[in-house]
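Pasting run_2.cif here (mmCIF, C-alpha atoms (C1' of nucleotides)):
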```cif
data_protein
loop_
_atom_site.label_atom_id
_atom_site.label_comp_id
_atom_site.auth_asym_id
_atom_site.auth_seq_id
_atom_site.Cartn_x
_atom_site.Cartn_y
_atom_site.Cartn_z
CA MET A 1 81.41 -58.11 27.45
CA GLU A 2 77.90 -59.22 28.14
CA LYS A 3 75.45 -60.31 25.51
CA LYS A 4 73.81 -57.18 24.26
CA SER A 5 70.09 -56.64 24.04
CA VAL A 6 68.26 -55.44 20.92
CA ASN A 7 68.90 -51.90 21.98
CA SER A 8 72.62 -51.27 22.26
CA GLU A 9 72.13 -48.76 25.06
CA ILE A 10 70.70 -51.43 27.32
CA ASP A 11 72.57 -54.44 28.57
CA ASN A 12 71.59 -57.60 30.37
CA LEU A 13 71.92 -56.09 33.83
CA ASP A 14 69.50 -53.29 32.93
CA MET A 15 67.00 -55.83 31.65
CA GLN A 16 67.24 -57.87 34.82
CA ILE A 17 66.62 -54.79 36.93
CA LEU A 18 63.57 -53.95 34.80
CA SER A 19 62.33 -57.50 35.02
CA ILE A 20 62.37 -57.42 38.81
CA LEU A 21 60.84 -53.98 39.21
CA MET A 22 58.13 -54.51 36.59
CA GLU A 23 56.57 -57.12 38.83
CA ASP A 24 56.86 -55.14 42.03
CA ALA A 25 58.17 -51.60 41.98
CA THR A 26 58.42 -51.48 45.78
CA ILE A 27 61.40 -53.83 45.99
CA PRO A 28 64.32 -51.82 47.43
CA TYR A 29 67.46 -51.23 45.39
CA THR A 30 69.57 -52.92 48.05
CA GLU A 31 67.66 -56.15 47.61
CA ILE A 32 67.96 -56.04 43.82
CA ALA A 33 71.67 -55.40 44.26
CA LYS A 34 71.99 -58.54 46.37
CA LYS A 35 70.10 -60.66 43.84
CA LEU A 36 72.19 -59.48 40.91
CA ILE A 37 75.44 -59.36 42.91
CA VAL A 38 76.29 -55.73 42.32
CA SER A 39 76.27 -52.73 44.65
CA GLY A 40 73.25 -50.59 45.41
CA GLY A 41 74.95 -47.65 43.76
CA THR A 42 75.09 -49.47 40.44
CA ILE A 43 71.35 -50.13 40.52
CA HIS A 44 70.84 -46.46 41.17
CA VAL A 45 73.06 -45.40 38.23
CA ARG A 46 71.32 -47.83 35.88
CA MET A 47 67.88 -46.72 36.96
CA LYS A 48 68.79 -43.08 36.43
CA LYS A 49 70.16 -43.88 32.98
CA MET A 50 66.98 -45.70 32.00
CA GLN A 51 64.80 -42.91 33.32
CA ASP A 52 66.81 -40.35 31.32
CA LEU A 53 66.53 -42.48 28.19
CA GLY A 54 62.76 -42.63 28.61
CA ILE A 55 62.77 -46.38 28.99
CA ILE A 56 61.25 -46.06 32.42
CA LYS A 57 58.24 -43.80 32.23
CA GLY A 58 57.25 -43.94 35.85
CA SER A 59 55.58 -46.08 38.43
CA ASN A 60 51.92 -46.91 38.88
CA LEU A 61 49.93 -48.09 41.83
CA VAL A 62 47.92 -51.11 40.75
CA VAL A 63 44.36 -50.73 41.99
CA ASP A 64 41.45 -53.14 41.63
CA PRO A 65 38.94 -50.99 39.70
CA GLN A 66 35.94 -53.02 40.88
CA LYS A 67 36.74 -52.39 44.53
CA ILE A 68 36.62 -48.65 44.08
CA GLY A 69 33.33 -48.66 42.23
CA TYR A 70 34.45 -49.07 38.62
CA ASP A 71 32.68 -52.25 37.70
CA VAL A 72 32.48 -52.13 33.92
CA CYS A 73 35.37 -52.62 31.53
CA ALA A 74 34.76 -52.51 27.80
CA TYR A 75 36.62 -52.48 24.53
CA LEU A 76 35.42 -50.30 21.73
CA GLY A 77 35.98 -50.64 18.00
CA ILE A 78 35.69 -47.22 16.41
CA TYR A 79 34.99 -46.48 12.74
CA LEU A 80 36.28 -43.20 11.44
CA GLU A 81 34.56 -41.39 8.56
CA LYS A 82 36.47 -40.86 5.36
CA GLY A 83 38.09 -37.47 5.37
CA SER A 84 38.32 -37.40 9.15
CA THR A 85 41.78 -37.58 10.53
CA TYR A 86 42.88 -39.83 13.31
CA LYS A 87 44.77 -36.97 14.88
CA ASP A 88 41.69 -34.77 15.26
CA ALA A 89 39.70 -37.60 16.77
CA VAL A 90 42.44 -38.42 19.27
CA ALA A 91 42.60 -34.82 20.41
CA LYS A 92 38.93 -35.06 21.37
CA LEU A 93 39.03 -38.57 22.78
CA VAL A 94 41.91 -37.67 25.11
CA LYS A 95 39.48 -35.46 27.01
CA ILE A 96 37.16 -38.37 27.77
CA LYS A 97 38.69 -39.57 31.00
CA GLU A 98 36.93 -42.95 30.96
CA ILE A 99 39.14 -43.94 28.02
CA VAL A 100 42.25 -45.52 29.47
CA GLU A 101 43.77 -46.85 26.25
CA LEU A 102 43.52 -45.84 22.62
CA HIS A 103 45.22 -47.44 19.65
CA TYR A 104 45.31 -46.73 15.95
CA THR A 105 44.87 -50.18 14.47
CA THR A 106 44.83 -52.23 11.30
CA GLY A 107 41.78 -54.38 10.54
CA ALA A 108 38.07 -53.73 10.66
CA TRP A 109 38.26 -50.52 12.68
CA SER A 110 40.26 -47.36 12.59
CA MET A 111 40.72 -47.19 16.32
CA PHE A 112 40.46 -49.33 19.34
CA ALA A 113 39.72 -48.05 22.82
CA LYS A 114 39.50 -49.47 26.31
CA ILE A 115 37.09 -47.80 28.68
CA ILE A 116 36.48 -48.23 32.38
CA CYS A 117 33.16 -47.08 33.83
CA ARG A 118 31.29 -47.30 37.12
CA ASP A 119 28.30 -49.24 35.81
CA THR A 120 26.36 -49.91 32.63
CA ASN A 121 24.53 -46.60 32.96
CA HIS A 122 27.80 -44.78 33.13
CA LEU A 123 29.01 -46.71 30.07
CA ARG A 124 25.89 -45.76 28.13
CA GLU A 125 26.40 -42.12 29.06
CA VAL A 126 30.00 -42.14 27.90
CA LEU A 127 29.09 -43.85 24.63
CA ASN A 128 26.11 -41.71 23.78
CA GLU A 129 27.07 -38.36 25.19
CA ASN A 130 30.82 -38.33 24.76
CA ILE A 131 32.22 -40.74 22.22
CA GLN A 132 29.44 -40.79 19.62
CA THR A 133 29.33 -37.01 19.52
CA VAL A 134 32.98 -36.72 18.51
CA GLU A 135 33.21 -35.41 14.95
CA GLY A 136 34.49 -37.95 12.47
CA ILE A 137 33.38 -40.98 14.45
CA SER A 138 30.69 -42.70 12.43
CA ARG A 139 30.07 -45.88 14.35
CA THR A 140 31.31 -47.88 17.31
CA GLU A 141 31.06 -51.47 18.40
CA THR A 142 31.20 -52.37 22.08
CA PHE A 143 32.67 -55.46 23.72
CA ILE A 144 32.00 -55.65 27.41
CA SER A 145 34.47 -57.60 29.49
CA LEU A 146 32.68 -60.10 31.69
CA GLU A 147 35.88 -61.26 33.27
CA GLU A 148 39.49 -60.18 33.21
CA SER A 149 41.47 -63.40 33.28
CA ILE A 150 44.95 -62.09 32.64
CA LYS A 151 46.43 -58.74 33.53
CA ARG A 152 50.20 -58.59 33.67
CA GLN A 153 53.33 -56.98 32.30
CA ILE A 154 55.57 -58.27 29.53
CA ASN A 155 57.74 -61.15 30.62
CA LEU A 156 61.29 -60.27 29.61
CA ASP A 157 63.07 -63.47 28.78
CA LEU A 158 66.69 -62.96 29.63
CA MET B 1 30.90 -37.00 58.07
CA GLU B 2 32.42 -36.95 54.67
CA LYS B 3 30.61 -37.87 51.52
CA LYS B 4 30.96 -41.59 51.16
CA SER B 5 32.19 -43.40 48.10
CA VAL B 6 30.38 -46.29 46.43
CA ASN B 7 32.20 -48.69 48.71
CA SER B 8 31.41 -47.92 52.33
CA GLU B 9 34.82 -49.11 53.48
CA ILE B 10 36.54 -46.38 51.49
CA ASP B 11 36.14 -42.69 52.14
CA ASN B 12 37.09 -39.58 50.28
CA LEU B 13 40.56 -39.37 51.81
CA ASP B 14 41.36 -42.91 50.67
CA MET B 15 40.26 -42.07 47.15
CA GLN B 16 42.42 -38.95 47.10
CA ILE B 17 45.44 -40.96 48.20
CA LEU B 18 44.78 -43.51 45.45
CA SER B 19 44.31 -40.77 42.92
CA ILE B 20 47.73 -39.30 43.68
CA LEU B 21 49.61 -42.59 43.81
CA MET B 22 47.98 -44.04 40.69
CA GLU B 23 49.70 -41.39 38.63
CA ASP B 24 53.07 -41.72 40.32
CA ALA B 25 53.67 -44.36 42.94
CA THR B 26 57.03 -42.85 43.89
CA ILE B 27 55.54 -39.79 45.60
CA PRO B 28 56.49 -40.01 49.29
CA TYR B 29 53.82 -40.33 51.97
CA THR B 30 54.99 -37.10 53.60
CA GLU B 31 54.27 -35.15 50.45
CA ILE B 32 50.81 -36.68 50.09
CA ALA B 33 50.18 -35.83 53.73
CA LYS B 34 51.05 -32.18 53.08
CA LYS B 35 48.75 -32.02 50.04
CA LEU B 36 45.79 -33.52 51.88
CA ILE B 37 46.58 -31.75 55.16
CA VAL B 38 46.86 -34.83 57.36
CA SER B 39 49.83 -36.49 59.03
CA GLY B 40 52.17 -38.97 57.37
CA GLY B 41 51.04 -41.61 59.82
CA THR B 42 47.46 -41.31 58.62
CA ILE B 43 48.52 -41.96 55.02
CA HIS B 44 50.37 -45.01 56.25
CA VAL B 45 47.32 -46.36 58.11
CA ARG B 46 45.05 -45.78 55.11
CA MET B 47 47.48 -47.45 52.73
CA LYS B 48 47.78 -50.47 54.96
CA LYS B 49 44.00 -50.73 55.20
CA MET B 50 43.62 -50.60 51.42
CA GLN B 51 46.35 -53.16 50.91
CA ASP B 52 44.66 -55.51 53.37
CA LEU B 53 41.31 -55.03 51.65
CA GLY B 54 42.88 -55.94 48.31
CA ILE B 55 42.10 -52.58 46.80
CA ILE B 56 45.78 -51.94 46.22
CA LYS B 57 47.26 -54.93 44.43
CA GLY B 58 50.80 -53.67 44.12
CA SER B 59 52.99 -51.32 42.20
CA ASN B 60 54.30 -51.55 38.65
CA LEU B 61 57.20 -49.96 36.90
CA VAL B 62 55.96 -48.41 33.68
CA VAL B 63 58.35 -49.29 30.87
CA ASP B 64 58.22 -48.25 27.23
CA PRO B 65 57.99 -51.64 25.47
CA GLN B 66 59.39 -50.29 22.19
CA LYS B 67 62.58 -49.10 23.85
CA ILE B 68 63.38 -52.56 25.17
CA GLY B 69 62.82 -54.30 21.88
CA TYR B 70 59.09 -55.07 22.03
CA ASP B 71 57.89 -53.22 18.99
CA VAL B 72 54.60 -54.89 18.13
CA CYS B 73 51.39 -54.56 20.10
CA ALA B 74 48.27 -56.32 18.87
CA TYR B 75 44.73 -57.09 19.93
CA LEU B 76 43.26 -60.46 19.20
CA GLY B 77 39.63 -61.48 18.88
CA ILE B 78 39.33 -65.18 19.67
CA TYR B 79 36.49 -67.49 18.64
CA LEU B 80 35.90 -70.49 20.85
CA GLU B 81 34.42 -73.70 19.48
CA LYS B 82 31.08 -74.88 20.79
CA GLY B 83 31.60 -77.31 23.60
CA SER B 84 34.93 -75.80 24.55
CA THR B 85 35.00 -74.03 27.85
CA TYR B 86 36.46 -70.64 28.48
CA LYS B 87 38.12 -71.93 31.60
CA ASP B 88 40.12 -74.61 29.78
CA ALA B 89 41.27 -72.15 27.15
CA VAL B 90 42.37 -69.63 29.78
CA ALA B 91 44.44 -72.25 31.55
CA LYS B 92 46.42 -72.75 28.35
CA LEU B 93 46.58 -69.12 27.31
CA VAL B 94 48.01 -68.10 30.69
CA LYS B 95 51.17 -69.98 29.77
CA ILE B 96 51.74 -67.86 26.67
CA LYS B 97 53.77 -65.08 28.17
CA GLU B 98 53.29 -62.69 25.25
CA ILE B 99 49.63 -62.34 26.26
CA VAL B 100 49.44 -59.46 28.71
CA GLU B 101 45.67 -59.13 28.93
CA LEU B 102 42.81 -61.54 28.41
CA HIS B 103 39.11 -60.85 28.75
CA TYR B 104 35.97 -62.89 28.41
CA THR B 105 33.74 -60.64 26.36
CA THR B 106 30.31 -60.11 24.91
CA GLY B 107 29.94 -59.48 21.19
CA ALA B 108 31.44 -61.13 18.14
CA TRP B 109 34.17 -63.04 19.98
CA SER B 110 34.41 -65.20 23.01
CA MET B 111 37.64 -63.72 24.18
CA PHE B 112 39.79 -60.74 23.67
CA ALA B 113 43.54 -60.69 24.17
CA LYS B 114 46.31 -58.13 24.07
CA ILE B 115 49.73 -59.36 23.01
CA ILE B 116 53.11 -57.68 22.99
CA CYS B 117 55.83 -59.08 20.73
CA ARG B 118 59.32 -58.15 19.61
CA ASP B 119 58.54 -57.89 15.90
CA THR B 120 56.11 -59.17 13.29
CA ASN B 121 57.97 -62.46 13.03
CA HIS B 122 57.63 -62.99 16.72
CA LEU B 123 53.92 -62.16 16.46
CA ARG B 124 53.45 -64.69 13.70
CA GLU B 125 55.22 -67.32 15.77
CA VAL B 126 53.01 -66.69 18.77
CA LEU B 127 49.86 -66.77 16.65
CA ASN B 128 50.70 -69.89 14.66
CA GLU B 129 52.66 -71.93 17.12
CA ASN B 130 51.06 -71.00 20.41
CA ILE B 131 47.62 -69.52 20.23
CA GLN B 132 46.17 -71.35 17.23
CA THR B 133 47.26 -74.69 18.60
CA VAL B 134 45.25 -74.25 21.80
CA GLU B 135 42.39 -76.74 21.84
CA GLY B 136 38.97 -75.16 21.52
CA ILE B 137 40.19 -72.04 19.71
CA SER B 138 38.73 -72.17 16.22
CA ARG B 139 39.69 -68.84 14.76
CA THR B 140 41.35 -65.56 15.66
CA GLU B 141 41.33 -62.08 14.22
CA THR B 142 44.31 -59.81 14.68
CA PHE B 143 44.39 -56.04 15.05
CA ILE B 144 47.85 -54.59 15.08
CA SER B 145 48.35 -51.34 16.92
CA LEU B 146 50.15 -48.84 14.74
CA GLU B 147 50.18 -46.23 17.45
CA GLU B 148 49.28 -46.12 21.10
CA SER B 149 47.76 -42.70 21.61
CA ILE B 150 46.44 -43.04 25.13
CA LYS B 151 47.76 -45.14 27.97
CA ARG B 152 46.70 -44.09 31.44
CA GLN B 153 44.95 -45.08 34.61
CA ILE B 154 41.35 -44.38 35.57
CA ASN B 155 40.76 -40.80 36.56
CA LEU B 156 38.97 -40.87 39.89
CA ASP B 157 36.67 -37.88 40.01
CA LEU B 158 36.41 -36.85 43.62
"C1'" DG C 1 81.61 -48.12 35.11
"C1'" DT C 2 81.65 -49.92 39.77
"C1'" DT C 3 82.21 -49.85 44.74
"C1'" DG C 4 81.45 -48.84 49.66
"C1'" DA C 5 80.26 -45.79 53.08
"C1'" DA C 6 78.47 -41.43 54.79
"C1'" DA C 7 74.54 -38.04 54.56
"C1'" DA C 8 69.74 -37.02 53.71
"C1'" DG C 9 65.21 -38.33 53.53
"C1'" DT C 10 61.40 -41.67 54.01
"C1'" DG C 11 58.65 -45.30 56.28
"C1'" DC C 12 57.30 -47.47 60.41
"C1'" DT C 13 55.86 -47.95 65.46
"C1'" DG C 14 54.23 -46.70 69.96
"C1'" DC C 15 52.51 -43.34 73.00
"C1'" DG C 16 49.52 -39.54 73.84
"C1'" DA C 17 45.36 -36.77 72.80
"C1'" DT D 1 40.79 -42.38 65.21
"C1'" DC D 2 44.43 -39.17 64.41
"C1'" DG D 3 49.00 -36.79 65.23
"C1'" DC D 4 53.70 -36.53 66.88
"C1'" DA D 5 58.36 -38.08 67.65
"C1'" DG D 6 62.15 -41.52 67.60
"C1'" DC D 7 64.15 -45.42 65.31
"C1'" DA D 8 65.16 -48.35 61.30
"C1'" DC D 9 65.63 -48.52 56.68
"C1'" DT D 10 66.29 -46.88 51.94
"C1'" DT D 11 67.86 -43.71 48.62
"C1'" DT D 12 71.25 -40.65 47.17
"C1'" DT D 13 75.71 -38.78 46.70
"C1'" DC D 14 80.68 -38.89 46.25
"C1'" DA D 15 85.54 -40.01 46.49
"C1'" DA D 16 88.37 -43.79 45.16
"C1'" DC D 17 89.30 -47.90 42.44
#
```
Representation of the structure as structure tokens:
Amino acid sequence: MEKKSVNSEIDNLDMQILSILMEDATIPYTEIAKKLIVSGGTIHVRMKKMQDLGIIKGSNLVVDPQKIGYDVCAYLGIYLEKGSTYKDAVAKLVKIKEIVELHYTTGAWSMFAKIICRDTNHLREVLNENIQTVEGISRTETFISLEESIKRQINLDL
Amino acid sequence: MEKKSVNSEIDNLDMQILSILMEDATIPYTEIAKKLIVSGGTIHVRMKKMQDLGIIKGSNLVVDPQKIGYDVCAYLGIYLEKGSTYKDAVAKLVKIKEIVELHYTTGAWSMFAKIICRDTNHLREVLNENIQTVEGISRTETFISLEESIKRQINLDL
DNA sequence: GTTGAAAAGTGCTGCGA
DNA sequence: TCGCAGCACTTTTCAAC
């Protein structure tokens, strides 16, 4: 048998398939099959299994935000008031569509968000009119990204 | 004529195509064509144009990191020593494959990184043995994500 | 669980409007 | 510039190993 991965449901072949498709999801199954020396049908079965298990959540088109008019990317440290629950805040923050990531974190802040806006005016609007008005949020700290140097997926070492 | 977007090269139809494919890149062109009431060929032409313009950078498979043994996600604030250049640090940080995002930011830190590791031991290894040994990096501050509540693409309002 | 091939559907290209 | 139709390719399914 092959060396098993951390998760017993997933073997080395599955990981190799993921590794290839995580970089470019447009690569055809037939080509993956050739690379890994199995049949196209096997790739299909493995992919279906991983989709059913929820390992594969979907496929995204990677778009350059700046080229479609979204020029400002910022991270936001969010302080939550005592007595306010994270859950309630999340429910409200989900509705703010400029927030593309939100984490509950250890450290100085309660939460950590990533926002993408059209310009600095748009960012100010979102901060003042949307985020700061959410109940339970006492204070935020903004870190504007001047340059995105790395943007990639996890590198699965096989 | 249609209402133009911020970028004059891109019109409303292009944005609608992007909007659909950003959520799920597996949706066939024919289905998009039906939704937007144009022919499949038109979708193809628009996609090619946007790929040539660099608006579309590719396609990613979305994988649940926890289900393939990457359990720990953390953000990292990085202080850079005076005299050290951002460029030199980036060149070294690029080689650390656990770093999936790196930004040059305003605010308390010089840089901001997102790292994905297998477990807390792995995180400690990356911090001590890789990141802290990079020349020019004086200090880092770690924020571990206990829960990822939001993870999505920009919502293009059309 | 894997294979190989047949069936169904999608993407691509050139001609016409 | 867009739409239609034919061809090439990929995905999907299934019987057999």
Near chain B, 9 Å: chain C residue rows, closest pairs, all atoms listed in the file, as JSON lines:
```
{"residue": "C:DT10", "atom": "C1'", "partner": "B:Pro28", "partner_atom": "CA", "distance": 7.0}
{"residue": "C:DG11", "atom": "C1'", "partner": "B:Tyr29", "partner_atom": "CA", "distance": 8.2}
{"residue": "C:DC12", "atom": "C1'", "partner": "B:His44", "partner_atom": "CA", "distance": 8.4}
```
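Residue neighbourhood of Ile96 in chain B, excluding near-sequence residues (fewer than 2 positions): Lys92, Leu93, Val94, Glu98, Ile99, Val100, Val126, Asn130 and Ile131 of chain B, at 9 Å, using all atoms listed in the file.
What chain D places within 10 Å of chain B, counting only C-alpha atoms (C1' of nucleotides), is DT1, DC2, DG3 and DC4 of chain D.
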Residues of chain B within 6 Å of chain A, counting all atoms listed in the file, as a PyMOL selection string: chain B and resi 6+21-25+55-64+67+69+100-107+143-153
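CA of Glu31 in chain B is positioned 25.2 Å from CA of Lys49 in chain A.
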Atomic distance C1' of DT2 in chain C - CA of Ile43 in chain A, expressed in Å with one decimal: 10.3 Å
